[in-house]
Structure formats: C-alpha cells, structure tokens
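Contents: one structure, followed by commentary.
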Amino acid sequence: MGILHHKKWASLCNAFVVKAKWFAFGHEPKAEEYLKNGIITTGVHVVSVHMLFLLGDYCQTEESIELASANSEIITSTATILRLWNDLGSAKVP
C-alpha cells in the first residue's frame, strides 16, 4: 500500500510540474492535453488511495486496492467532473 501512495503523489507532483512549465513558457495546451493533465491535478486519485488506507484492513481487499491503483473509470470520471466544475467557476468571459 505504501508504494501506491508514493506513485499517486509522484503522479500529482509531476502533473503540477507540467502545469508550471506551460505557464512559464506561455504554452496554451489543447483541450484534450489540458484535461488529461487536469484530471490528475484534481487530487482525486491521491484522496482515493488515502481513503482506502484510512478505512483500514477491512476495506483493503485485492479488488479495492486494484481499483485504487489503476485509473479506474469511476475515479477518473469523478476527477473529470471536478476539474470541469472548477474551471467553469474560474473561467473569464471575454
């Protein structure tokens, strides 16, 4: 379970580095590229792993660990909704 924490945190930090490089170099990513990185920067994947860990041994089955370790559809869909919702709230109308 510890390795899983490290992988998810590394993925989150790498996604923030990508976002920082875009900003530093004035790169405007295409929507698909932005959303792919933005799904990770929501932190939903990291939170799901921590929730699984905090729920204890009772909930740490092979199935639940596999669900948290892979980018499952339910977790990715939740992250996509949160990313788009967040962006909608901070969007500026020209």
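Identifiers in this document derive from the order of the structure tokens: chains are assigned A, B, ..., residues are numbered from 1 separately in each chain, and ligands are numbered from 1 in order of occurrence.
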
Inset, instruction - as a count of residues only, please: all residues of chain A that backbone DSSP puts in helix (DSSP H, G or I). - result: 76

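With CA of Thr61 in chain A on one side and CA of Lys36 in chain A on the other, the separation reads 28.5 Å.
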
Inset, instruction - Determine the nearest neighbour of Ser11 in chain A from the options A:Gly89, A:Glu32, A:Glu62, A:Thr42, counting only C-alpha atoms. - result: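 Nearest candidate to Ser11 in chain A out of A:Gly89, A:Glu32, A:Glu62, A:Thr42: A:Thr42.
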
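Shortest separation to Asn14 in chain A among A:Ile81, A:Val46, A:Ile40, A:Leu54 occurs at residue A:Ile40, atoms counted being only C-alpha atoms.
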
Legend entry - Counting only C-alpha atoms, the option among A:Ser90, A:Val18, A:Ala10, A:Gly56 closest to Asn37 in chain A: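 With only C-alpha atoms as the atom set, the closest residue is A:Val18.
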
Inset, instruction - Grab the CA of Phe53 in chain A to CA of Thr80 in chain A distance for me, in Å with one decimal place. - result: 23.0 Å
